[in-house]
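Undergrad: Mind having a look at this structure? Questions to follow.
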Amino acid sequence: MRRLVAEARLHPDQLVLPYFVRVGRKSAVSSMPGVFQLSVDDLLKEAERAHASGLRAVLLFGIPDQKDEKASGAYAENGIVQKAVCELKRALPELVVITDVCLCEYMSHGHCGIVEKKSGKARILNDPTLELLARTARSHAEAGADIVAPSDMMDGRVRAIRQQLDENGFADTPIMSYAAKFASAFYGPFREAAESTPKFGDRRSYQMDNANAAEALREVGLDIQEGADIIMVKPALAYLDIIYRVKSTFGYPTAAYAVSAEYSMIKAAAAKGWIDERNVTLESLLAMRRAGADIIITYAAKEVIRWLKEG
Ligand code: PBG
């Protein structure tokens with residue numbers, strides 16, 4: 001009877017699994033048990049298995065061989081993400097391949113934009129960064145990406161990406177923008193996985209302040225005006241109020257990103273026998289659905305699909 005009257009539900013169709021892809025051999029991410037940096041070959045094997053079990057969509061992050069001050073690896077024609085997308089779409093044409101569009105993994109300094117250093121002070125150059133982001137998104141679309149997902153939080157990037165996609169024959173490629181992305185301590189484990197910890201400073205000049213909800217709505221509104229098709233709130237569990245407001249204000253397809261520390265905290269406490277991994281994970285993700293998220297990005301997607309099947 002409870003199931004008859006349940007208001008929110010989790011379903012495999014709503015889940016997106018992030019993958020980290022690199023050149024060279026598979027390597028475990030120590031702060032995220034069960035998560036690996038994968039070679040393109042390993043990624044194909046993993047994704048094939050996950051897809052066969054009911055996973056519909058993946059989100060790709062790349063770890064390049066070399067980093068520089070222009071993030072050249074982000075938009076290189078034969079870059080790691082471009083290769084991975086190409087192979088994935090060839091092997092699994094029905095799998096939805098989303099690419100994270102950002103520069104931090106490809107920048108020697110680890111920031112999401114171009115850095116200018118003047119008299120001992122560093123700052124991010126917003127506008128010159130837009131061109132690199134748009135090139136990155138276009139190169140992902142050329143490789144076959146189904147959706148591009150800018151996560152950099154530069155102002156005006158959705159418009160720049162939309163324009164470049166439209167001008168190059170990719171008018172039908174949707175943008176899922178990390179619209180309300182907070183400067184969060186919950187990204188800690190991810191930065192080990194993506195090798196993207198900033199070498200100096202932090203991301204507070206471009207990511208949002210934890211205290212602000214009205215500002216999050218303004219950020220989302222701007223991204224929608226600029227052409228975003230799906231909007232994202234990130235992190236998820238500590239920002240359920242934002243998910244709720246965003247969904248009720250705009251009614252847009254809304255994604256919630258259950259970020260790395262949300263995953264790692266559950267894994268760590270479960271490994272100690274302090275909590276039940278399955279029930280805590282399912283309860284957390286269901287809360288995101290109840291708050292209004294349509295799409296949930298989670299490192300636990302494979303296990304969740306298995307648990308949902310087991311009932
Ligand atoms: C890149 C990016 C980050 C995450 C997704 N894209 C990290 C950051 O902004 O430092 C975090 C994801 C996670 O913690 O799982 N800009």
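Ordering of the structure tokens sets the chain letters (A, B, ...), residue numbers begin anew at 1 in every chain, and ligands are numbered from 1 in the order given.
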Write as a VMD selection string the residues around ligand 1, taking 10 Å as the cut-off and counting only C-alpha atoms and all ligand atoms.

TA: chain A and resid 18 32 59 to 61 100 to 105 110 to 113 149 to 153 178 181 to 198 202 to 204 206 to 207 234 to 235 257 to 264 297 to 299

Undergrad: Which polymer residues have any atom within 8 Å of an atom of Glu69 of chain A, counting only C-alpha atoms, with same-chain residues fewer than 6 positions away left out, as a PyMOL selection string?

TA: chain A and resi 107-109+114-115

Undergrad: Give me, as a list in words, all polymer residues having an atom no more than 9 Å from segment 116-130 of chain A, counting only C-alpha atoms and skipping those fewer than 3 positions away in the same chain.

TA: Leu103, His111, Cys112, Gly113, Leu133, Ala134, Arg135, Met154, Asp155, Gly156, Arg157, Val158, Ala160, Ile161, Phe200, Gly201, Ser205 and Tyr206 of chain A

Undergrad: Kindly indicate which residue among A:Val16, A:Ala74, A:Asp68, A:Leu95 lies nearest to Leu44 of chain A, using only C-alpha atoms for the distances.

TA: A:Leu95

Undergrad: Which of these, A:Val35, A:Val23, A:Ile98, A:Val29, has the shortest distance to Pro64 of chain A once you count only C-alpha atoms?

TA: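 Once distances to Pro64 of chain A are computed over only C-alpha atoms, the minimum belongs to A:Val23.
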
Undergrad: Do you know which residues are at most 6 Å from Leu38 of chain A counting only C-alpha atoms, after dropping those on the same chain fewer than 5 positions away, and could you put them as a PDB file with N, CA and C atoms, in the first residue's frame?

TA:
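Saved as part-v3.pdb:
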ATOM      1  N   VAL A  21      38.442   9.188 -17.230  1.00  0.00           N
ATOM      2  CA  VAL A  21      39.191   8.461 -18.247  1.00  0.00           C
ATOM      3  C   VAL A  21      40.560   9.099 -18.432  1.00  0.00           C
ATOM      4  N   ARG A  22      41.573   8.239 -18.560  1.00  0.00           N
ATOM      5  CA  ARG A  22      42.948   8.722 -18.658  1.00  0.00           C
ATOM      6  C   ARG A  22      43.734   7.927 -19.689  1.00  0.00           C
ATOM      7  N   LYS A  26      44.599   1.556 -15.695  1.00  0.00           N
ATOM      8  CA  LYS A  26      43.559   1.759 -14.683  1.00  0.00           C
ATOM      9  C   LYS A  26      44.193   2.025 -13.321  1.00  0.00           C
ATOM     10  N   LEU A  43      37.209   1.622 -19.858  1.00  0.00           N
ATOM     11  CA  LEU A  43      35.954   2.373 -19.834  1.00  0.00           C
ATOM     12  C   LEU A  43      34.899   1.667 -20.695  1.00  0.00           C
TER      13      LEU A  43
END

Undergrad: Just want the 8 Å neighbourhood of Phe250 of chain A, counted on only C-alpha atoms, with same-chain residues fewer than 3 positions away dropped. Output as a PyMOL selection string.

TA: chain A and resi 221+246-247
